[in-house]
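Peer 1: Sharing coords-v3.cif below, mmCIF, C-alpha atoms:
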data_run
#
loop_
_atom_site.label_atom_id
_atom_site.label_comp_id
_atom_site.auth_asym_id
_atom_site.auth_seq_id
_atom_site.Cartn_x
_atom_site.Cartn_y
_atom_site.Cartn_z
CA MET A 1 90.44 120.26 111.70
CA SER A 2 92.86 117.40 111.26
CA ALA A 3 96.56 118.00 110.68
CA PRO A 4 97.82 117.83 107.08
CA GLY A 5 98.66 114.33 105.89
CA LEU A 6 101.97 113.15 104.51
CA LEU A 7 100.86 113.40 100.88
CA ASP A 8 98.80 116.60 101.10
CA LYS A 9 101.80 118.59 99.87
CA PHE A 10 101.14 117.21 96.39
CA THR A 11 97.74 118.91 96.05
CA PRO A 12 99.14 122.13 94.52
CA VAL A 13 101.39 120.03 92.27
CA ALA A 14 98.33 118.22 90.96
CA SER A 15 96.67 121.59 90.31
CA LEU A 16 99.65 122.74 88.26
CA ARG A 17 99.66 119.46 86.32
CA ASP A 18 95.95 119.82 85.57
CA ALA A 19 96.41 123.42 84.45
CA LEU A 20 99.13 122.34 82.04
CA ALA A 21 97.07 119.43 80.74
CA ALA A 22 94.09 121.76 80.17
CA THR A 23 96.12 123.73 77.65
CA GLY A 24 96.19 120.69 75.34
CA ARG A 25 99.88 119.84 75.77
CA ASN A 26 101.87 119.15 78.89
CA PRO A 27 105.42 120.47 78.45
CA THR A 28 106.71 118.02 81.07
CA GLY A 29 105.44 115.16 78.93
CA MET A 30 106.54 116.25 75.47
CA VAL A 31 108.15 113.34 73.65
CA THR A 32 110.60 113.50 70.78
CA GLU A 33 109.57 110.40 68.90
CA ARG A 34 112.65 110.26 66.72
CA LEU A 35 115.82 112.30 66.25
CA LEU A 36 116.88 113.12 62.71
CA SER A 37 119.89 115.27 63.62
CA PRO A 38 121.15 117.35 66.55
CA THR A 39 118.66 120.08 65.60
CA LEU A 40 115.74 118.23 64.03
CA GLY A 41 113.31 115.71 65.51
CA ILE A 42 109.88 114.21 65.07
CA ILE A 43 107.37 115.59 67.60
CA GLU A 44 103.68 114.76 67.30
CA GLY A 45 104.42 113.09 63.98
CA ARG A 46 106.02 116.07 62.22
CA GLU A 47 109.49 117.46 61.72
CA THR A 48 110.33 120.02 64.38
CA ILE A 49 113.35 122.28 64.79
CA LEU A 50 114.85 121.65 68.23
CA ALA A 51 115.58 125.05 69.74
CA GLY A 52 115.81 124.12 73.41
CA THR A 53 118.23 121.22 73.74
CA ASN A 54 121.45 122.73 75.22
CA ASN A 55 123.25 120.80 72.45
CA TYR A 56 125.47 123.85 72.00
CA LEU A 57 128.10 122.35 69.70
CA GLY A 58 125.83 119.79 68.05
CA LEU A 59 128.10 116.85 68.88
CA THR A 60 125.43 114.28 69.73
CA PHE A 61 125.55 112.86 66.20
CA ASP A 62 129.26 113.44 65.57
CA PRO A 63 130.58 110.31 63.77
CA ALA A 64 133.82 110.20 65.75
CA CYS A 65 131.96 110.43 69.07
CA ILE A 66 129.56 107.67 68.07
CA ALA A 67 132.43 105.45 66.89
CA ALA A 68 134.26 105.96 70.20
CA GLY A 69 131.16 104.92 72.12
CA LYS A 70 130.68 101.78 70.01
CA GLN A 71 134.29 100.77 70.49
CA ALA A 72 134.02 101.21 74.25
CA LEU A 73 130.91 99.02 74.30
CA ASP A 74 132.86 96.27 72.57
CA GLU A 75 135.88 96.60 74.85
CA PHE A 76 134.35 97.40 78.26
CA GLY A 77 130.70 96.32 78.07
CA THR A 78 127.59 98.31 78.94
CA GLY A 79 128.31 99.50 82.48
CA THR A 80 130.65 99.51 85.45
CA THR A 81 128.20 97.98 87.96
CA GLY A 82 129.87 99.84 90.80
CA SER A 83 131.04 103.13 92.23
CA ARG A 84 134.48 104.64 91.70
CA MET A 85 135.43 103.63 95.26
CA ALA A 86 134.36 100.03 94.72
CA ASN A 87 134.90 98.41 91.33
CA GLY A 88 133.87 101.23 89.02
CA SER A 89 137.14 103.02 88.22
CA PHE A 90 138.30 102.12 84.73
CA ALA A 91 141.27 103.43 82.78
CA LEU A 92 138.76 105.46 80.76
CA HIS A 93 137.68 107.43 83.84
CA GLN A 94 141.25 108.23 84.82
CA SER A 95 142.08 109.29 81.27
CA LEU A 96 139.08 111.64 81.14
CA GLU A 97 140.05 113.18 84.49
CA ALA A 98 143.57 113.84 83.24
CA GLU A 99 142.27 115.26 79.96
CA MET A 100 139.80 117.59 81.69
CA ALA A 101 142.55 118.90 83.97
CA ASP A 102 144.87 119.41 81.02
CA PHE A 103 142.14 121.15 79.00
CA TYR A 104 141.65 123.66 81.82
CA GLY A 105 145.36 123.97 82.59
CA GLN A 106 144.73 122.73 86.13
CA ALA A 107 146.65 120.20 88.21
CA TYR A 108 143.74 117.98 89.24
CA GLY A 109 140.54 116.65 87.74
CA MET A 110 137.66 114.63 89.13
CA VAL A 111 134.79 113.04 87.21
CA PHE A 112 131.29 112.42 88.59
CA SER A 113 128.40 110.39 87.15
CA THR A 114 126.22 113.46 86.47
CA GLY A 115 126.54 117.22 86.61
CA TYR A 116 124.03 117.23 89.45
CA ALA A 117 126.18 114.78 91.40
CA ALA A 118 129.25 116.93 90.75
CA ASN A 119 127.62 119.94 92.41
CA LEU A 120 126.19 117.93 95.29
CA GLY A 121 129.45 116.06 95.72
CA MET A 122 131.72 119.09 95.70
CA LEU A 123 129.61 121.38 97.89
CA SER A 124 128.73 118.75 100.49
CA ALA A 125 132.43 117.88 100.80
CA LEU A 126 133.89 121.40 100.74
CA LEU A 127 131.39 122.83 103.22
CA GLY A 128 130.22 121.84 106.66
CA PRO A 129 128.72 123.22 109.88
CA GLY A 130 130.45 126.46 110.83
CA ASP A 131 131.20 127.34 107.20
CA ALA A 132 129.35 129.88 105.10
CA VAL A 133 128.33 129.76 101.47
CA LEU A 134 127.35 132.83 99.44
CA LEU A 135 125.11 131.75 96.62
CA ASP A 136 123.76 133.72 93.68
CA ALA A 137 119.97 133.91 93.88
CA ASP A 138 119.58 132.50 90.35
CA ALA A 139 121.96 129.57 90.84
CA HIS A 140 120.92 126.14 89.61
CA ALA A 141 118.88 123.86 91.86
CA SER A 142 121.78 121.42 92.16
CA LEU A 143 123.93 124.17 93.68
CA TYR A 144 121.23 125.00 96.22
CA ASP A 145 120.75 121.33 97.05
CA GLY A 146 124.48 120.79 97.53
CA CYS A 147 124.66 123.75 99.89
CA ARG A 148 121.69 122.50 101.92
CA MET A 149 123.22 119.03 102.09
CA SER A 150 126.47 120.45 103.48
CA GLY A 151 125.01 121.91 106.67
CA ALA A 152 126.79 125.24 106.08
CA GLN A 153 125.09 128.60 106.61
CA ILE A 154 123.59 129.74 103.31
CA PHE A 155 123.54 133.41 102.38
CA ARG A 156 121.86 134.33 99.11
CA PHE A 157 122.86 137.48 97.30
CA ARG A 158 120.95 139.23 94.54
CA HIS A 159 121.61 137.87 91.08
CA ASN A 160 124.84 139.21 89.60
CA ASP A 161 124.80 142.01 92.20
CA VAL A 162 128.35 142.61 93.40
CA ALA A 163 127.23 145.13 96.03
CA SER A 164 124.82 142.59 97.49
CA LEU A 165 127.62 140.00 97.64
CA GLU A 166 130.00 142.42 99.34
CA ALA A 167 127.42 143.37 101.95
CA ARG A 168 127.09 139.73 102.97
CA LEU A 169 130.84 139.17 103.01
CA ARG A 170 131.31 142.27 105.15
CA ARG A 171 128.73 141.06 107.68
CA LEU A 172 130.52 137.71 107.96
CA GLY A 173 133.62 139.37 109.38
CA GLU A 174 136.32 136.80 110.18
CA GLN A 175 133.98 134.00 109.07
CA SER A 176 134.54 135.16 105.48
CA ARG A 177 137.76 133.11 105.57
CA ARG A 178 135.54 130.04 105.93
CA ALA A 179 133.24 131.15 103.13
CA LEU A 180 132.72 129.80 99.62
CA ILE A 181 131.24 132.01 96.89
CA VAL A 182 129.23 129.98 94.36
CA VAL A 183 128.19 131.36 90.98
CA GLU A 184 127.59 130.17 87.44
CA GLY A 185 129.52 131.39 84.42
CA LEU A 186 126.59 131.44 81.99
CA TYR A 187 123.18 131.35 83.67
CA SER A 188 121.11 128.74 81.92
CA VAL A 189 117.66 130.36 82.11
CA PHE A 190 118.16 133.99 81.14
CA GLY A 191 121.46 133.68 79.23
CA ASP A 192 123.34 136.32 81.20
CA ILE A 193 126.87 135.89 82.55
CA ALA A 194 128.48 136.50 85.93
CA PRO A 195 130.67 139.58 86.52
CA LEU A 196 133.60 137.37 87.52
CA PRO A 197 136.38 140.02 87.70
CA GLU A 198 134.44 141.96 90.35
CA ILE A 199 133.51 138.76 92.21
CA CYS A 200 137.15 137.61 92.17
CA ALA A 201 138.27 140.96 93.57
CA LEU A 202 135.88 140.53 96.50
CA LYS A 203 137.04 136.97 97.00
CA HIS A 204 140.62 138.18 97.43
CA GLN A 205 139.64 141.15 99.59
CA TYR A 206 137.73 139.02 102.11
CA GLY A 207 139.82 135.83 101.95
CA ALA A 208 137.00 133.64 100.68
CA TYR A 209 137.06 130.82 98.14
CA LEU A 210 135.28 130.73 94.77
CA MET A 211 133.55 127.93 92.87
CA VAL A 212 132.26 128.62 89.34
CA ASP A 213 129.83 126.33 87.52
CA GLU A 214 130.69 126.45 83.82
CA ALA A 215 128.06 123.86 82.83
CA HIS A 216 126.51 125.97 80.07
CA SER A 217 129.65 127.86 79.03
CA LEU A 218 132.04 124.94 78.48
CA GLY A 219 132.95 124.80 74.81
CA VAL A 220 131.24 128.11 74.05
CA TYR A 221 133.02 130.93 75.93
CA GLY A 222 136.74 131.70 76.00
CA ASP A 223 139.49 131.47 73.41
CA THR A 224 139.72 127.69 73.79
CA GLY A 225 136.24 127.02 75.17
CA ARG A 226 137.05 126.80 78.86
CA GLY A 227 134.17 129.07 79.83
CA VAL A 228 133.34 132.52 81.13
CA ALA A 229 136.30 132.65 83.54
CA GLN A 230 138.64 132.25 80.57
CA ALA A 231 136.70 134.77 78.52
CA GLN A 232 136.97 137.32 81.35
CA GLY A 233 140.61 136.54 82.12
CA VAL A 234 140.20 135.43 85.75
CA GLU A 235 140.83 131.67 85.65
CA ASP A 236 143.71 131.92 88.14
CA ALA A 237 141.34 133.36 90.76
CA VAL A 238 138.83 130.49 90.56
CA ASP A 239 139.49 127.82 93.17
CA PHE A 240 137.13 125.14 91.84
CA THR A 241 135.54 124.87 88.39
CA VAL A 242 132.63 122.47 88.04
CA GLY A 243 130.47 121.56 85.07
CA THR A 244 128.67 118.89 83.15
CA PHE A 245 129.21 116.76 80.07
CA SER A 246 125.51 116.90 79.15
CA LYS A 247 125.54 120.20 77.25
CA SER A 248 128.36 121.01 74.82
CA LEU A 249 129.89 117.52 75.09
CA GLY A 250 126.60 115.80 74.31
CA ALA A 251 126.87 113.07 76.95
CA THR A 252 126.19 112.70 80.68
CA GLY A 253 128.46 113.20 83.67
CA GLY A 254 130.06 115.99 85.65
CA TYR A 255 133.50 117.20 86.65
CA CYS A 256 135.56 119.43 88.87
CA VAL A 257 139.03 120.78 88.06
CA SER A 258 141.31 122.69 90.40
CA ASN A 259 144.88 123.55 91.24
CA ASN A 260 144.09 122.93 94.91
CA PRO A 261 145.35 119.50 96.07
CA VAL A 262 142.33 119.16 98.34
CA LEU A 263 140.42 118.01 95.24
CA GLN A 264 142.28 114.70 95.52
CA LEU A 265 141.02 114.31 99.09
CA ILE A 266 137.40 114.94 98.14
CA ARG A 267 137.36 111.46 96.63
CA TYR A 268 137.42 110.14 100.20
CA THR A 269 134.69 112.39 101.62
CA SER A 270 132.15 113.10 98.87
CA ARG A 271 129.15 110.84 99.38
CA PRO A 272 127.64 111.37 95.90
CA PHE A 273 131.01 110.30 94.47
CA ILE A 274 131.52 107.36 96.82
CA PHE A 275 128.04 105.89 96.58
CA THR A 276 127.05 106.46 92.93
CA ALA A 277 127.86 104.03 90.11
CA SER A 278 130.48 105.46 87.80
CA GLY A 279 129.77 106.58 84.25
CA SER A 280 129.22 103.88 81.63
CA PRO A 281 132.31 103.22 79.49
CA SER A 282 130.56 104.18 76.25
CA VAL A 283 129.49 107.54 77.73
CA ILE A 284 132.99 108.26 79.03
CA ALA A 285 134.43 107.39 75.61
CA THR A 286 132.07 109.71 73.72
CA THR A 287 132.83 112.46 76.25
CA ARG A 288 136.57 112.12 75.68
CA GLU A 289 136.10 112.34 71.94
CA ALA A 290 133.76 115.33 72.27
CA LEU A 291 136.39 117.10 74.38
CA HIS A 292 138.88 116.40 71.61
CA GLN A 293 136.46 118.00 69.13
CA VAL A 294 136.23 121.11 71.34
CA ARG A 295 140.01 121.38 71.37
CA THR A 296 140.55 120.83 67.66
CA ARG A 297 137.52 122.44 66.00
CA PRO A 298 137.34 126.13 66.99
CA GLN A 299 134.97 126.65 64.07
CA LEU A 300 132.23 125.13 66.23
CA ARG A 301 132.47 128.13 68.57
CA SER A 302 132.47 130.51 65.62
CA GLN A 303 129.32 128.93 64.24
CA ILE A 304 127.34 128.97 67.47
CA TRP A 305 128.19 132.64 67.98
CA ASN A 306 127.14 133.47 64.41
CA ASN A 307 123.77 131.83 65.15
CA ALA A 308 123.46 133.46 68.59
CA ARG A 309 124.16 136.96 67.26
CA ARG A 310 121.67 136.55 64.41
CA LEU A 311 118.90 135.32 66.70
CA TYR A 312 119.58 137.98 69.33
CA ALA A 313 119.47 140.78 66.74
CA ALA A 314 116.18 139.49 65.34
CA PHE A 315 114.57 139.17 68.78
CA GLN A 316 115.70 142.68 69.68
CA GLU A 317 114.26 144.02 66.44
CA MET A 318 110.92 142.38 67.27
CA GLY A 319 110.95 144.18 70.61
CA PHE A 320 110.96 141.12 72.86
CA ASN A 321 111.69 141.46 76.56
CA LEU A 322 114.86 139.38 76.80
CA GLY A 323 116.68 137.98 79.80
CA CYS A 324 120.11 139.16 78.65
CA THR A 325 121.44 142.44 77.30
CA VAL A 326 124.08 141.03 74.94
CA PRO A 327 124.07 138.11 72.49
CA SER A 328 124.11 134.72 74.19
CA PRO A 329 123.61 131.08 73.16
CA VAL A 330 120.66 131.16 75.57
CA LEU A 331 117.82 133.60 74.90
CA ALA A 332 114.82 133.94 77.20
CA VAL A 333 111.72 135.76 75.99
CA ARG A 334 109.76 137.01 79.00
CA PHE A 335 105.96 137.26 79.34
CA SER A 336 103.87 139.17 81.85
CA GLN A 337 101.30 136.37 82.18
CA ARG A 338 101.65 132.60 82.33
CA GLU A 339 98.80 132.16 79.86
CA GLU A 340 100.68 134.21 77.23
CA ALA A 341 103.70 131.96 77.55
CA PHE A 342 101.47 128.87 77.27
CA ALA A 343 99.80 130.17 74.14
CA CYS A 344 103.07 131.08 72.44
CA TRP A 345 104.69 127.76 73.33
CA HIS A 346 101.74 125.92 71.79
CA GLY A 347 101.83 128.13 68.71
CA LEU A 348 105.53 127.52 68.18
CA ILE A 349 105.04 123.75 68.43
CA GLU A 350 102.35 124.04 65.76
CA ALA A 351 104.79 126.08 63.67
CA GLY A 352 107.42 123.36 63.96
CA VAL A 353 109.73 124.90 66.59
CA TYR A 354 110.37 123.37 70.01
CA THR A 355 111.40 125.71 72.85
CA ASN A 356 111.55 125.36 76.64
CA LEU A 357 108.49 126.66 78.49
CA MET A 358 109.33 127.88 82.00
CA VAL A 359 106.70 129.07 84.47
CA PRO A 360 106.62 129.48 88.26
CA PRO A 361 107.87 127.82 90.38
CA ALA A 362 110.54 126.55 87.96
CA SER A 363 111.68 129.98 86.78
CA PRO A 364 114.22 131.75 89.01
CA ASP A 365 112.39 135.06 89.50
CA GLY A 366 108.81 133.83 89.27
CA SER A 367 108.32 135.00 85.68
CA SER A 368 107.02 133.08 82.69
CA LEU A 369 109.23 132.70 79.67
CA LEU A 370 110.19 130.79 76.56
CA ARG A 371 113.83 129.73 76.51
CA VAL A 372 115.76 129.16 73.28
CA SER A 373 119.21 127.60 73.12
CA VAL A 374 121.04 127.77 69.81
CA SER A 375 123.52 125.23 68.48
CA ALA A 376 126.48 125.25 66.18
CA ALA A 377 124.56 122.58 64.28
CA HIS A 378 121.62 124.88 63.49
CA THR A 379 121.86 125.82 59.84
CA ALA A 380 121.37 129.43 58.75
CA GLU A 381 118.05 128.34 57.22
CA GLN A 382 116.90 126.80 60.52
CA VAL A 383 117.78 129.98 62.42
CA GLU A 384 115.67 131.96 59.96
CA GLN A 385 112.81 129.50 60.42
CA ILE A 386 112.99 130.02 64.19
CA ILE A 387 112.91 133.78 63.68
CA SER A 388 109.97 133.49 61.29
CA ALA A 389 108.01 131.34 63.76
CA PHE A 390 108.56 133.82 66.59
CA ALA A 391 107.50 136.68 64.33
CA LYS A 392 104.31 134.82 63.41
CA VAL A 393 103.40 133.44 66.84
CA VAL A 394 105.01 135.51 69.60
CA MET A 395 105.20 139.00 68.16
CA PRO A 396 101.40 139.47 67.84
CA VAL A 397 100.87 138.34 71.45
CA GLN A 398 103.48 140.76 72.78
CA GLN A 399 102.05 143.58 70.66
CA ARG A 400 98.57 143.00 72.07
CA VAL A 401 99.96 143.07 75.61
CA SER A 402 101.82 146.30 74.88
CA GLU A 403 98.69 147.90 73.38
CA SER A 404 96.58 146.83 76.38
CA ALA A 405 99.13 148.30 78.81
CA THR A 406 99.18 151.58 76.87
CA ALA A 407 95.38 151.77 76.82
CA ALA A 408 95.19 151.15 80.56
#
Represent the structure from my file as structure tokens, please.

Peer 2:
Amino acid sequence: MSAPGLLDKFTPVASLRDALAATGRNPTGMVTERLLSPTLGIIEGRETILAGTNNYLGLTFDPACIAAGKQALDEFGTGTTGSRMANGSFALHQSLEAEMADFYGQAYGMVFSTGYAANLGMLSALLGPGDAVLLDADAHASLYDGCRMSGAQIFRFRHNDVASLEARLRRLGEQSRRALIVVEGLYSVFGDIAPLPEICALKHQYGAYLMVDEAHSLGVYGDTGRGVAQAQGVEDAVDFTVGTFSKSLGATGGYCVSNNPVLQLIRYTSRPFIFTASGSPSVIATTREALHQVRTRPQLRSQIWNNARRLYAAFQEMGFNLGCTVPSPVLAVRFSQREEAFACWHGLIEAGVYTNLMVPPASPDGSSLLRVSVSAAHTAEQVEQIISAFAKVVMPVQQRVSESATAA
């Protein structure tokens, strides 16, 4: 038998693609033909409520953000045509870095072209051979990729399991002083949050460092929207906070803020920062204005939490198996079989509600689920329409599964 060829690894990928196509719709190829608002689009020719966009504060159509982007196009053109280390640092980039640092109450800020690049850039610069990184099992792919790129030893610990983290720190011994703990504030698939006070206590006990990814919690958690670390009162214990502009701020780009002066040196060592073209001026301008909206419109946080609590209560009442145990702007409805998730996703599309379908290998624990992310821009009527669609489409499927399990 001949050895596997270079491209043979794509055979199972093709099988997954064909299985998705056989269901009638391929979730990786769903197209929003037109956007009517932050929460409403045209999909397959009909109006559809967008319930899986991560547009947490609904700022993508904010008039002030759009005006800022148009002005930047007029003043700076369409792009930078270079990296920050070459010709791509504009006054806009420096202003956004200063504003992000000020927003977080930190001394230093650094802006990357994407959130993915921020995680790759920070981890590959902070870590190297001989270092150790302790990574939550459910961490985002960009965090895993950054750790692999660094060459450090990677130690996974069970998701949100403080005992599992401590066991790995204890086994490191003196190496724990060369260790970085990496977690997310709000986990983007299941909608649960990290137990940061306990993690921070371990960080201090073992002399490690801590990086928290607040990508999905920026603008949503905390008294001023700085994230889960602020909400849990442990910001001073976090060494590096990273995140993205592509969720609550409705743009693209990533950032890191820190009180550690080494952040200023990472500009000279981070390959994703050095060799990636900097963010387009219009995108940086809309991001700056969106950050201003976060700082001056606390009612946006109130509204998203009103919507999140209403949806969570309704899903609990319907008996769904959820990924979180408290209200969250992210709600994941779990299924025991992939085919059940497929069927419900299709049914919701037909009912005019778009959600995120996640099946293995994309889901963190190998389960199949439908993921909903609410927005401050969802009206009360739209939230009720989402609830009604889930009651009509998902509830009967889950009841049949429960009855079958009882009969067996």

Peer 1: Within 7 Å of (139.4, 128.7, 98.2) (coordinates as in the file), grab all the protein and nucleic acid residues, counting only C-alpha atoms, and write them out as a PyMOL selection string.

Peer 2: chain A and resi 180+208-210+239

Peer 1: Please save C-alpha atoms of the selected residues as a PDB file, keeping the file's coordinate frame.

Peer 2:
ATOM      1  CA  LEU A 180     132.720 129.800  99.620  1.00  0.00           C
ATOM      2  CA  ALA A 208     137.000 133.640 100.680  1.00  0.00           C
ATOM      3  CA  TYR A 209     137.060 130.820  98.140  1.00  0.00           C
ATOM      4  CA  LEU A 210     135.280 130.730  94.770  1.00  0.00           C
ATOM      5  CA  ASP A 239     139.490 127.820  93.170  1.00  0.00           C
TER       6      ASP A 239
END

Peer 1: On this structure, which residues satisfy the PyMOL selection byres ((chain A and resi 274) around 10), written as a ChimeraX atom specification?

Peer 2: /A:82-86,112,121,266-273,275-278

Peer 1: Interatomic distance between atom CA of A:Gly29 and atom CA of A:Ala343?

Peer 2: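 Straight-line distance from atom CA of A:Gly29 to atom CA of A:Ala343 works out to 16.7 Å.
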
Peer 1: Choose the residue, out of A:Phe335, A:Phe320, A:Phe90, A:Tyr56, that has the smallest atom-to-atom separation from A:Glu75; count all atoms listed in the file.

Peer 2: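 Closest to A:Glu75, using all atoms listed in the file: A:Phe90.
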
Peer 1: Would you please work out which residue, of A:Gly115, A:Pro261, A:Gly225, A:Pro4, is nearest to A:Gly146 when using all atoms listed in the file?

Peer 2: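 That would be A:Gly115, the residue with the smallest distance to A:Gly146.
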
Peer 1: So which residues get picked by the PyMOL selection byres ((chain A and resi 132) around 12) here, written as number ranges by chain?

Peer 2: A: 123, 126-131, 133-135, 147-148, 150-156, 168-169, 171-182, 208-210

Peer 1: Which neighbours of stretch 380-388 of chain A fall inside 9 Å, counting all atoms listed in the file, when residues of the same chain fewer than 2 positions from it are skipped, and could you give them as a VMD selection string?

Peer 2: chain A and resid 39 49 51 307 310 to 311 314 to 315 348 352 to 353 374 378 390 to 393

Peer 1: Would you mind listing what lies within 12 Å of A:Arg34 as a ChimeraX atom specification, with all atoms listed in the file counted and same-chain residues fewer than 4 positions away left out?

Peer 2: /A:38-48,50

Peer 1: Produce the centre coordinates and the three edge lengths, each in Å to one decimal, of the box along x, y and z that contains all listed atoms of stretch 215-233 of chain A with 3 Å added on each side, as lines of an AutoDock Vina configuration file.

Peer 2:
center_x = 133.6
center_y = 130.6
center_z = 78.5
size_x = 20.1
size_y = 19.5
size_z = 16.1

Peer 1: Considering only C-alpha atoms, can you say which of A:Arg371, A:Arg17, A:His93, A:Arg226 comes closest to A:Ala332?

Peer 2: A:Arg371

Peer 1: Kindly give the distance, in Å, that separates atom CA of A:Pro329 and atom CA of A:Leu202, rounded to a single decimal.

Peer 2: 28.0 Å

Peer 1: Could you expand the PyMOL selection byres ((chain A and resi 54) around 8) into the explicit residues it covers here, written as a list in words?

Peer 2: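 Selected by the PyMOL selection byres ((chain A and resi 54) around 8) here: Gly52, Thr53, Asn55, Tyr56, His216, Lys247, Ser248, Ser373, Val374 and Ser375 of chain A.
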
Peer 1: Quick one: distance from atom CA of A:Phe245 to atom CA of A:Ala139 in Å, one decimal?

Peer 2: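 Going from atom CA of A:Phe245 over to atom CA of A:Ala139 covers 18.2 Å.
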
Peer 1: Do you know which residues are at most 12 Å from A:Asp102 counting all atoms listed in the file, after dropping those on the same chain fewer than 2 positions away, and could you put them as an MDAnalysis selection string?

Peer 2: chainID A and resid 95:100 104:110 226 257:259 291:292 295

Peer 1: Nearest to A:Val359 among A:Asn87, A:Ser37, A:Ser328, A:Thr28, with distances taken over only C-alpha atoms: which residue is it?

Peer 2: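 Using only C-alpha atoms, the shortest distance to A:Val359 belongs to A:Thr28.
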
Peer 1: Which residue out of A:Ile304, A:Val262, A:Val162, A:Leu249 has the minimum interatomic distance to A:Lys203 when only C-alpha atoms are used?

Peer 2: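 The shortest atom-to-atom distance to A:Lys203 comes from A:Val162.
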
Peer 1: Give the answer as one residue: which of A:Ala137, A:Ala308, A:Val234, A:Leu143 has the shortest atom-to-atom distance to A:Ala117, using all atoms listed in the file?

Peer 2: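 Under the stated criterion, the closest residue is A:Leu143.
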